[in-house]
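Engineer: What follows is entry19.cif, mmCIF, C-alpha atoms and all ligand atoms.
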```cif
data_my_file
#
loop_
_atom_site.label_atom_id
_atom_site.label_comp_id
_atom_site.auth_asym_id
_atom_site.auth_seq_id
_atom_site.Cartn_x
_atom_site.Cartn_y
_atom_site.Cartn_z
CA MET A 1 42.51 -104.85 31.62
CA LEU A 2 44.77 -106.80 33.98
CA ASP A 3 44.33 -110.07 32.12
CA GLN A 4 45.21 -108.35 28.89
CA ALA A 5 48.28 -106.81 30.46
CA SER A 6 49.30 -110.19 31.81
CA GLN A 7 48.98 -111.79 28.39
CA LEU A 8 50.87 -108.96 26.84
CA ILE A 9 54.00 -109.42 28.86
CA ALA A 10 53.79 -113.16 29.38
CA GLY A 11 56.59 -113.78 26.90
CA GLN A 12 59.44 -112.27 28.89
CA ALA A 13 61.35 -114.48 31.28
CA ARG A 14 62.64 -112.90 34.48
CA GLN A 15 66.37 -112.57 34.76
CA LYS A 16 68.81 -113.12 37.58
CA GLY A 17 70.81 -110.33 39.22
CA PRO A 18 69.76 -106.71 39.47
CA ALA A 19 67.66 -105.16 36.72
CA ILE A 20 69.41 -101.79 37.01
CA THR A 21 72.46 -100.61 38.90
CA ALA A 22 73.80 -97.07 38.96
CA ARG A 23 77.19 -96.21 40.48
CA GLY A 24 78.02 -92.55 40.90
CA LEU A 25 76.05 -91.83 37.74
CA GLY A 26 75.87 -88.23 36.55
CA LYS A 27 74.93 -86.10 33.58
CA ARG A 28 75.78 -82.48 32.93
CA PHE A 29 74.82 -80.28 30.02
CA GLY A 30 77.70 -77.83 29.73
CA ASP A 31 77.84 -76.09 33.11
CA ARG A 32 74.44 -77.34 34.21
CA VAL A 33 74.43 -80.45 36.33
CA ALA A 34 71.21 -82.36 35.61
CA PHE A 35 71.97 -85.05 38.20
CA SER A 36 75.13 -86.28 39.86
CA ASP A 37 76.58 -89.05 41.98
CA VAL A 38 73.47 -91.21 41.77
CA SER A 39 73.86 -94.79 43.04
CA PHE A 40 71.16 -97.42 43.49
CA GLU A 41 70.28 -100.98 42.64
CA ILE A 42 66.87 -102.15 41.45
CA GLY A 43 65.85 -105.81 41.51
CA TYR A 44 63.90 -107.56 38.78
CA GLY A 45 60.19 -107.32 39.42
CA GLU A 46 60.55 -104.26 41.63
CA VAL A 47 58.44 -101.13 41.21
CA PHE A 48 60.87 -98.33 41.94
CA GLY A 49 59.53 -94.82 42.47
CA PHE A 50 61.68 -91.87 41.46
CA LEU A 51 60.51 -88.65 43.07
CA GLY A 52 61.81 -85.12 43.14
CA PRO A 53 60.88 -81.53 42.35
CA ASN A 54 60.79 -79.99 38.87
CA GLY A 55 64.26 -79.90 37.37
CA ALA A 56 65.62 -82.46 39.84
CA GLY A 57 67.01 -84.63 37.05
CA LYS A 58 64.44 -87.44 36.93
CA THR A 59 63.75 -87.38 33.20
CA THR A 60 67.44 -86.99 32.44
CA THR A 61 68.16 -90.06 34.59
CA VAL A 62 65.50 -92.02 32.71
CA ARG A 63 66.89 -90.90 29.36
CA THR A 64 70.41 -91.78 30.46
CA LEU A 65 69.49 -95.26 31.70
CA GLY A 66 67.39 -95.69 28.57
CA THR A 67 70.50 -95.12 26.39
CA LEU A 68 69.09 -91.91 24.89
CA LEU A 69 71.75 -89.75 26.56
CA ALA A 70 75.33 -90.65 27.42
CA PRO A 71 76.27 -90.17 31.10
CA THR A 72 79.10 -87.75 31.83
CA SER A 73 80.25 -89.58 34.98
CA GLY A 74 79.84 -92.88 36.78
CA SER A 75 78.59 -96.17 35.43
CA ALA A 76 75.42 -98.24 35.23
CA THR A 77 74.07 -101.58 34.11
CA VAL A 78 70.64 -102.01 32.57
CA ALA A 79 69.10 -105.46 32.05
CA GLY A 80 72.49 -106.96 32.83
CA PHE A 81 74.44 -104.92 30.26
CA PRO A 82 76.92 -102.16 31.09
CA LEU A 83 75.55 -98.84 29.93
CA ALA A 84 77.79 -98.16 26.92
CA PRO A 85 77.15 -97.26 23.28
CA GLU A 86 78.11 -100.75 22.10
CA ASN A 87 75.37 -102.27 24.31
CA ALA A 88 72.65 -99.79 23.41
CA VAL A 89 70.88 -102.12 20.98
CA GLU A 90 70.81 -105.04 23.44
CA ILE A 91 69.57 -102.78 26.24
CA ARG A 92 66.86 -101.23 24.07
CA ARG A 93 65.60 -104.69 23.16
CA ARG A 94 64.80 -105.29 26.81
CA ILE A 95 63.42 -101.95 27.94
CA ALA A 96 60.69 -99.53 26.97
CA ILE A 97 60.26 -95.90 27.90
CA MET A 98 57.00 -94.06 28.19
CA PRO A 99 58.24 -90.48 27.92
CA GLU A 100 56.81 -87.37 29.57
CA ALA A 101 55.32 -86.18 26.27
CA PRO A 102 53.49 -88.91 24.33
CA GLY A 103 55.18 -87.95 21.00
CA LEU A 104 52.59 -89.45 18.70
CA TYR A 105 51.91 -88.71 15.04
CA LEU A 106 48.80 -86.63 15.49
CA LYS A 107 47.55 -87.04 11.92
CA LEU A 108 47.64 -90.83 12.10
CA THR A 109 45.09 -93.02 13.82
CA VAL A 110 45.83 -94.81 17.08
CA VAL A 111 46.36 -98.14 15.31
CA GLU A 112 48.49 -96.53 12.57
CA ASN A 113 50.66 -94.95 15.26
CA LEU A 114 51.17 -98.24 17.07
CA GLU A 115 51.80 -100.17 13.85
CA CYS A 116 54.31 -97.56 12.83
CA PHE A 117 56.20 -97.98 16.13
CA ALA A 118 55.85 -101.79 15.99
CA ASP A 119 57.52 -101.61 12.59
CA LEU A 120 60.25 -99.37 13.98
CA TYR A 121 60.89 -101.75 16.88
CA GLU A 122 60.84 -104.72 14.43
CA ILE A 123 58.13 -106.44 16.44
CA SER A 124 56.88 -109.77 15.12
CA GLU A 125 53.14 -110.46 14.97
CA ALA A 126 52.66 -106.72 15.10
CA HIS A 127 48.94 -106.84 14.41
CA ASP A 128 48.21 -109.04 17.44
CA ARG A 129 50.51 -107.11 19.72
CA VAL A 130 48.96 -103.78 18.73
CA ALA A 131 45.51 -105.20 19.46
CA ALA A 132 46.65 -106.62 22.82
CA ALA A 133 48.35 -103.35 23.79
CA LEU A 134 45.20 -101.39 22.98
CA GLN A 135 43.08 -103.77 25.03
CA ALA A 136 45.55 -103.50 27.91
CA VAL A 137 45.01 -99.76 28.18
CA ASN A 138 41.27 -99.95 27.52
CA LEU A 139 41.48 -98.33 24.09
CA GLY A 140 40.19 -101.26 22.07
CA ASN A 141 37.33 -99.20 20.65
CA ARG A 142 39.39 -96.08 19.80
CA GLY A 143 41.84 -97.62 17.37
CA ARG A 144 40.48 -95.79 14.35
CA ASP A 145 40.47 -92.36 15.98
CA THR A 146 43.02 -89.85 14.77
CA CYS A 147 45.49 -89.20 17.61
CA GLY A 148 45.09 -85.44 17.20
CA THR A 149 41.42 -85.75 18.19
CA LEU A 150 42.15 -87.64 21.44
CA SER A 151 42.10 -85.99 24.84
CA LYS A 152 45.36 -85.65 26.79
CA GLY A 153 44.59 -88.64 28.99
CA LEU A 154 43.72 -90.84 26.03
CA ARG A 155 46.99 -89.86 24.32
CA GLN A 156 48.81 -90.89 27.50
CA ARG A 157 47.18 -94.28 27.22
CA VAL A 158 48.27 -94.63 23.61
CA ALA A 159 51.81 -93.82 24.74
CA LEU A 160 51.54 -96.51 27.42
CA ALA A 161 50.27 -98.98 24.81
CA ARG A 162 53.27 -98.09 22.67
CA ALA A 163 55.62 -98.81 25.59
CA LEU A 164 54.02 -102.23 26.03
CA LEU A 165 54.42 -103.24 22.38
CA SER A 166 57.91 -104.63 22.76
CA ASP A 167 57.14 -106.82 25.79
CA PRO A 168 59.79 -105.07 27.92
CA GLU A 169 61.58 -106.57 30.92
CA ILE A 170 62.10 -103.08 32.29
CA LEU A 171 59.59 -100.33 31.79
CA PHE A 172 60.44 -96.69 32.43
CA LEU A 173 57.31 -94.64 33.03
CA ASP A 174 57.96 -90.90 33.17
CA GLU A 175 54.96 -89.38 34.93
CA PRO A 176 52.48 -91.81 33.40
CA THR A 177 49.47 -90.34 35.17
CA ALA A 178 50.23 -86.63 34.75
CA GLY A 179 47.03 -84.92 33.68
CA LEU A 180 44.84 -88.00 34.06
CA ASP A 181 41.50 -87.82 35.83
CA PRO A 182 41.21 -89.85 39.05
CA VAL A 183 39.45 -92.78 37.36
CA ALA A 184 41.96 -92.92 34.50
CA ALA A 185 44.83 -92.63 37.00
CA ARG A 186 43.36 -95.50 39.01
CA GLU A 187 43.14 -97.58 35.82
CA ALA A 188 46.78 -96.80 35.06
CA HIS A 189 47.65 -97.90 38.62
CA GLU A 190 45.84 -101.19 38.07
CA LEU A 191 47.73 -101.70 34.85
CA ILE A 192 51.06 -101.00 36.55
CA ASP A 193 50.11 -103.37 39.36
CA GLY A 194 49.22 -106.05 36.82
CA LEU A 195 52.58 -105.61 35.10
CA ARG A 196 54.37 -105.84 38.44
CA LYS A 197 52.55 -109.08 39.25
CA ARG A 198 53.94 -110.50 36.02
CA GLY A 199 57.47 -109.57 37.02
CA VAL A 200 58.06 -106.49 34.89
CA THR A 201 60.51 -104.13 36.53
CA ILE A 202 59.05 -100.64 36.64
CA PHE A 203 60.96 -97.40 37.08
CA LEU A 204 58.29 -94.84 37.80
CA THR A 205 58.82 -91.11 38.02
CA THR A 206 55.89 -89.27 39.49
CA HIS A 207 54.82 -86.16 41.36
CA ARG A 208 51.86 -88.03 42.83
CA LEU A 209 53.13 -89.12 46.18
CA GLU A 210 50.10 -91.20 47.03
CA GLU A 211 50.70 -93.02 43.75
CA ALA A 212 54.28 -93.79 44.75
CA GLU A 213 53.15 -94.88 48.19
CA ARG A 214 50.52 -97.19 46.76
CA LEU A 215 52.52 -98.73 43.94
CA CYS A 216 56.19 -98.68 44.77
CA ASP A 217 58.24 -101.24 46.68
CA ARG A 218 60.92 -98.61 47.21
CA VAL A 219 61.27 -94.95 46.38
CA ALA A 220 64.22 -92.67 45.84
CA ILE A 221 64.02 -88.91 46.28
CA LEU A 222 66.26 -87.05 43.88
CA ASN A 223 67.20 -83.40 43.98
CA THR A 224 70.15 -83.40 41.58
CA THR A 225 71.75 -85.85 44.04
CA LEU A 226 69.91 -88.68 45.76
CA ARG A 227 68.45 -87.50 49.07
CA THR A 228 67.13 -90.81 50.29
CA ILE A 229 66.14 -94.28 49.16
CA GLY A 230 64.09 -96.98 50.85
CA ARG A 231 60.67 -98.45 51.45
CA PRO A 232 58.07 -95.77 52.17
CA ASP A 233 57.51 -97.11 55.70
CA GLU A 234 61.27 -97.21 56.38
CA LEU A 235 61.61 -93.58 55.30
CA ARG A 236 58.74 -92.57 57.56
CA ASP A 237 60.35 -94.32 60.51
CA GLN A 238 63.74 -92.76 59.78
CA LEU A 239 62.37 -89.24 59.67
CA PHE A 240 59.57 -89.17 62.16
CA ALA A 241 59.30 -90.26 65.77
CA ARG A 242 56.46 -92.67 66.47
CA THR A 243 53.61 -91.05 68.33
CA ILE A 244 50.06 -91.72 69.38
CA THR A 245 47.50 -88.99 69.88
CA VAL A 246 44.97 -89.19 72.72
CA ARG A 247 41.83 -87.05 72.83
CA THR A 248 39.59 -86.85 75.88
CA LEU A 249 36.25 -85.08 76.33
CA ARG A 250 37.66 -82.87 79.12
CA PRO A 251 41.30 -82.09 79.97
CA LEU A 252 42.85 -84.61 82.35
CA ALA A 253 43.30 -83.38 85.90
CA ASP A 254 46.81 -84.87 86.14
CA PRO A 255 48.05 -86.11 82.74
CA GLY A 256 51.56 -86.73 84.12
CA LYS A 257 50.12 -89.26 86.52
CA VAL A 258 48.14 -91.01 83.76
CA PHE A 259 50.89 -91.18 81.12
CA GLY A 260 54.01 -91.21 83.33
CA GLY A 261 55.70 -94.59 83.63
CA LEU A 262 53.56 -96.40 81.07
CA GLU A 263 55.34 -99.20 79.23
CA ALA A 264 56.66 -98.16 75.77
CA VAL A 265 55.78 -94.49 76.39
CA ASP A 266 58.91 -92.33 76.27
CA GLY A 267 57.23 -88.98 76.97
CA TRP A 268 54.09 -86.94 76.54
CA ARG A 269 52.96 -83.36 75.84
CA ALA A 270 49.65 -81.53 75.63
CA ASP A 271 48.78 -80.89 71.98
CA GLY A 272 47.30 -77.41 71.70
CA ALA A 273 43.59 -78.17 72.02
CA ALA A 274 42.28 -78.89 75.52
CA GLY A 275 42.06 -82.62 76.13
CA SER A 276 44.52 -83.54 73.38
CA TYR A 277 47.87 -85.22 74.15
CA VAL A 278 50.71 -86.57 72.06
CA LEU A 279 52.68 -89.51 73.43
CA ALA A 280 56.13 -90.37 72.10
CA VAL A 281 56.20 -94.16 71.97
CA SER A 282 58.69 -96.87 71.15
CA ASP A 283 56.00 -99.46 70.27
CA ALA A 284 52.43 -98.31 69.63
CA SER A 285 51.02 -101.83 69.98
CA ILE A 286 52.10 -101.84 73.65
CA ALA A 287 51.69 -98.14 74.42
CA ALA A 288 48.15 -97.68 73.09
CA PRO A 289 46.46 -100.48 75.11
CA GLY A 290 48.41 -99.41 78.21
CA ALA A 291 47.35 -95.78 77.79
CA THR A 292 43.74 -96.87 77.27
CA ARG A 293 43.74 -98.82 80.54
CA ALA A 294 45.36 -95.91 82.40
CA LEU A 295 42.81 -93.44 81.01
CA VAL A 296 39.88 -95.64 81.98
CA ALA A 297 41.37 -96.16 85.46
CA ALA A 298 41.63 -92.36 85.80
CA GLY A 299 37.94 -92.00 84.88
CA ALA A 300 38.67 -90.10 81.65
CA ASP A 301 36.06 -89.92 78.86
CA VAL A 302 38.17 -91.04 75.89
CA LEU A 303 37.20 -89.72 72.46
CA SER A 304 40.00 -91.32 70.47
CA ILE A 305 43.43 -92.93 70.67
CA ALA A 306 45.19 -93.03 67.33
CA GLU A 307 48.61 -93.84 66.00
CA SER A 308 49.94 -90.81 64.12
CA HIS A 309 50.37 -91.50 60.45
CA HIS A 310 53.01 -89.79 58.36
CA SER A 311 52.55 -90.10 54.65
CA LEU A 312 55.23 -90.30 51.98
CA GLU A 313 54.24 -86.72 51.26
CA ASP A 314 55.35 -85.77 54.79
CA VAL A 315 58.69 -87.48 54.12
CA TYR A 316 59.06 -85.72 50.78
CA LEU A 317 58.21 -82.30 52.15
CA GLU A 318 60.53 -82.78 55.09
CA LEU A 319 63.41 -83.59 52.74
CA ILE A 320 62.67 -81.22 49.89
CA ALA A 321 60.68 -78.21 51.08
CA GLU A 322 63.59 -76.63 52.93
CA ASP A 323 66.15 -77.82 50.41
CA PRO A 324 68.20 -74.82 49.25
CA GLU A 325 68.94 -76.50 45.90
CA ALA A 326 65.25 -76.68 45.02
CA SER A 327 64.57 -73.05 45.88
CA ARG A 328 67.70 -71.90 44.04
CA ARG A 329 66.57 -73.69 40.88
CA THR A 330 63.15 -72.09 40.83
CA ALA A 331 64.38 -68.62 41.84
N1 LIG B 1 68.98 -81.21 26.71
C1 LIG B 1 69.22 -80.41 27.75
N2 LIG B 1 70.07 -79.38 27.67
C2 LIG B 1 70.35 -78.57 28.73
N3 LIG B 1 69.79 -78.73 29.96
C3 LIG B 1 68.92 -79.76 30.10
C4 LIG B 1 68.60 -80.65 29.02
N4 LIG B 1 67.70 -81.57 29.49
C5 LIG B 1 67.50 -81.27 30.78
N5 LIG B 1 68.23 -80.19 31.15
C6 LIG B 1 68.26 -79.57 32.50
O1 LIG B 1 68.59 -80.60 33.42
C7 LIG B 1 67.87 -80.39 34.65
C8 LIG B 1 67.08 -81.61 34.99
O2 LIG B 1 66.00 -81.73 34.06
P1 LIG B 1 65.00 -82.97 34.05
O3 LIG B 1 64.10 -82.81 32.86
O4 LIG B 1 65.77 -84.22 34.16
O5 LIG B 1 64.17 -82.72 35.40
P2 LIG B 1 62.92 -83.50 35.99
O6 LIG B 1 63.30 -83.95 37.34
O7 LIG B 1 62.46 -84.53 35.02
O8 LIG B 1 61.84 -82.35 36.14
P3 LIG B 1 60.23 -82.35 35.93
O9 LIG B 1 59.65 -82.83 37.22
O10 LIG B 1 59.93 -80.92 35.69
O11 LIG B 1 59.91 -83.24 34.76
C9 LIG B 1 67.01 -79.14 34.42
O12 LIG B 1 67.70 -78.02 34.92
C10 LIG B 1 66.90 -79.07 32.91
O13 LIG B 1 66.65 -77.75 32.48
MG MG B 2 60.72 -84.85 34.02
#
```
If you took the structure in this file and wrote it as structure tokens, what would it be?
Ligand SMILES: Nc1ncnc2c1ncn2[C@@H]1O[C@H](COP(=O)(O)OP(=O)(O)OP(=O)(O)O)[C@@H](O)[C@H]1O
Ligand SMILES: [Mg+2]

Structural biologist:
Amino acid sequence: MLDQASQLIAGQARQKGPAITARGLGKRFGDRVAFSDVSFEIGYGEVFGFLGPNGAGKTTTVRTLGTLLAPTSGSATVAGFPLAPENAVEIRRRIAIMPEAPGLYLKLTVVENLECFADLYEISEAHDRVAAALQAVNLGNRGRDTCGTLSKGLRQRVALARALLSDPEILFLDEPTAGLDPVAAREAHELIDGLRKRGVTIFLTTHRLEEAERLCDRVAILNTTLRTIGRPDELRDQLFARTITVRTLRPLADPGKVFGGLEAVDGWRADGAAGSYVLAVSDASIAAPGATRALVAAGADVLSIAESHHSLEDVYLELIAEDPEASRRTA
């Protein structure tokens, strides 16, 4: 699957400068603000995750950057072109969008669908590209099936194949793994990874936070306005203090004596369960060995010493769960 994907996009040369920039970009529908004041820059070859709750404006951002909707404020460049009606054709030549809903002709076969879109996109050597796109998404043997008879996940894959037809520099994937089983989702991840290795810029909206954490170089969290942007590990560090958790078989007689004054340990507290302690640390690689030596010296029976791990999901929930805008929208 990866080799096929690599072949499929081998024709596009990488460009200089940012792949996408947005400056104070916004879109409103009448009184409803879909998203506003969104600014970011995405480099060529980057996998950029775009996260946020339902109604946050992710799809509208994708449709705006993809020239399907005109912004109502701000500016953007896509594939080096200012986002403006006169550049829409040039931009569309360089991008592809896999939309939330596959939007296939259900009465046509898989191959007929792809040939139809290849025709629409004026793709040369359409037959070969359709075959390569089908191979890339592991649908080589389903080409003659009518799309209406395919399962949801298989239709998603046809939609992904369609997005690959035009050999895009920039690929917008709007929830590409929604509704896929774990194996199919993993296959989609491998495909995305393969595309990234070939330098395709990927703008990925998803509700699967572990997917974003695994695939994305950087993520942005949108909730009408941008809440944060950065590498997943940077966001974790910004939001959460570094800690290590120590568990001993029996409670320590004098934990203050054991943990007090250790290098790189800023403080400690007992953590609910007897024999469990959380240490606030500035550098776990110094604090953990030091704590281990102190525990052994104190005769403690150590069960575990572990660096606390905060996932991207923790970051997301911290930023979004208490967000009044999100609760207002779903009220
Ligand atoms: N064509 C439209 N006309 C009016 N309002 C719209 C239109 N398209 C989107 N909206 C509104 O804009 C807001 C953002 O919608 P959008 O589809 O971008 O959210 P999203 O982040 O993609 O959500 P989800 O995670 O559910 O896909 C929502 O309040 C939505 O109802
Ligand atoms: Mg959406």

Engineer: Can I get the residues close to ligand LIG 1 (chain B) as a short mmCIF file (atom, residue, chain, number, x, y, z; two decimals) with C-alpha atoms, in the coordinates of the input, where close means within 10 Å and we count only C-alpha atoms and all ligand atoms?

Structural biologist:
```cif
data_model
loop_
_atom_site.label_atom_id
_atom_site.label_comp_id
_atom_site.auth_asym_id
_atom_site.auth_seq_id
_atom_site.Cartn_x
_atom_site.Cartn_y
_atom_site.Cartn_z
CA LYS A 27 74.93 -86.10 33.58
CA ARG A 28 75.78 -82.48 32.93
CA PHE A 29 74.82 -80.28 30.02
CA GLY A 30 77.70 -77.83 29.73
CA ASP A 31 77.84 -76.09 33.11
CA ARG A 32 74.44 -77.34 34.21
CA VAL A 33 74.43 -80.45 36.33
CA ALA A 34 71.21 -82.36 35.61
CA PHE A 35 71.97 -85.05 38.20
CA PHE A 50 61.68 -91.87 41.46
CA LEU A 51 60.51 -88.65 43.07
CA GLY A 52 61.81 -85.12 43.14
CA PRO A 53 60.88 -81.53 42.35
CA ASN A 54 60.79 -79.99 38.87
CA GLY A 55 64.26 -79.90 37.37
CA ALA A 56 65.62 -82.46 39.84
CA GLY A 57 67.01 -84.63 37.05
CA LYS A 58 64.44 -87.44 36.93
CA THR A 59 63.75 -87.38 33.20
CA THR A 60 67.44 -86.99 32.44
CA THR A 61 68.16 -90.06 34.59
CA VAL A 62 65.50 -92.02 32.71
CA ARG A 63 66.89 -90.90 29.36
CA THR A 64 70.41 -91.78 30.46
CA LEU A 69 71.75 -89.75 26.56
CA GLU A 100 56.81 -87.37 29.57
CA ASP A 174 57.96 -90.90 33.17
CA GLU A 175 54.96 -89.38 34.93
CA THR A 205 58.82 -91.11 38.02
CA THR A 206 55.89 -89.27 39.49
CA HIS A 207 54.82 -86.16 41.36
CA LEU A 222 66.26 -87.05 43.88
CA ASN A 223 67.20 -83.40 43.98
CA THR A 224 70.15 -83.40 41.58
CA ARG A 329 66.57 -73.69 40.88
CA THR A 330 63.15 -72.09 40.83
#
```

Engineer: Find, counting all atoms listed in the file, the residue in A:Glu90, A:Asp128, A:Asp193, A:Asp266 that gets nearest to Val47 in chain A.

Structural biologist: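 Of the candidates, the smallest distance to Val47 in chain A is held by A:Asp193.
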
Engineer: Show me, as lines of an AutoDock Vina configuration file, the centre and edge lengths in Å to one decimal of the axis-aligned box that covers every listed atom of range 29-42 of chain A with 4 Å on each side.

Structural biologist:
```
center_x = 72.4
center_y = -89.1
center_z = 36.6
size_x = 19.0
size_y = 34.1
size_z = 21.8
```

Engineer: Kindly give the distance, in Å, that separates CA of Leu114 in chain A and CA of Ala131 in chain A, rounded to a single decimal.

Structural biologist: 9.3 Å

Engineer: I'd like the neighbourhood of Val265 in chain A as a compact mmCIF listing (two decimals) with C-alpha atoms, in the frame of the given file, where a residue qualifies if any of its atoms comes within 9 Å (using all atoms listed in the file), though same-chain residues fewer than 3 positions away should be ignored.

Structural biologist:
```txt
# COMPACT_ATOMS: atom_id res chain seq x y z
CA PHE A 259 50.89 -91.18 81.12
CA GLY A 260 54.01 -91.21 83.33
CA GLY A 261 55.70 -94.59 83.63
CA LEU A 262 53.56 -96.40 81.07
CA TRP A 268 54.09 -86.94 76.54
CA LEU A 279 52.68 -89.51 73.43
CA ALA A 280 56.13 -90.37 72.10
CA VAL A 281 56.20 -94.16 71.97
CA SER A 282 58.69 -96.87 71.15
CA ASP A 283 56.00 -99.46 70.27
CA ALA A 284 52.43 -98.31 69.63
CA ILE A 286 52.10 -101.84 73.65
CA ALA A 287 51.69 -98.14 74.42
CA ALA A 288 48.15 -97.68 73.09
CA ALA A 291 47.35 -95.78 77.79
```

Engineer: Go through A:Glu112, A:Glu41, A:Glu307, A:Glu211 one by one, measure the shortest atom-to-atom distance of each to Thr77 in chain A using all atoms listed in the file, and give the residue with the smallest value.

Structural biologist: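 Closest to Thr77 in chain A of all the choices is A:Glu41.
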
Engineer: Quick one: pull the distance between CA of Thr225 in chain A and CA of Gly43 in chain A, Å, one decimal.

Structural biologist: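 It comes out at 21.0 Å.
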
Engineer: Which one is closest to ligand MG 2 (chain B): A:Ala185, A:Val315, A:Val158, A:Ala101? Count all atoms listed in the file.

Structural biologist: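 For ligand MG 2 (chain B), the nearest of the candidates is A:Ala101.
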
Engineer: Need to verify the contact set: Glu313 in chain A, 10 Å, all atoms listed in the file, exclusion of same-chain residues closer than 5 positions in sequence. Can you return it as an mmCIF file with C-alpha atoms, in the coordinates of the input?

Structural biologist:
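Listed below is the output, part_16.cif:
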```
data_model
loop_
_atom_site.group_PDB
_atom_site.id
_atom_site.type_symbol
_atom_site.label_atom_id
_atom_site.label_comp_id
_atom_site.auth_asym_id
_atom_site.auth_seq_id
_atom_site.Cartn_x
_atom_site.Cartn_y
_atom_site.Cartn_z
ATOM 1 C CA HIS A 207 54.820 -86.160 41.360
ATOM 2 C CA ARG A 208 51.860 -88.030 42.830
ATOM 3 C CA LEU A 209 53.130 -89.120 46.180
ATOM 4 C CA GLU A 210 50.100 -91.200 47.030
ATOM 5 C CA ALA A 212 54.280 -93.790 44.750
ATOM 6 C CA GLU A 213 53.150 -94.880 48.190
ATOM 7 C CA PRO A 232 58.070 -95.770 52.170
ATOM 8 C CA ARG A 236 58.740 -92.570 57.560
ATOM 9 C CA GLU A 318 60.530 -82.780 55.090
ATOM 10 C CA LEU A 319 63.410 -83.590 52.740
#
```
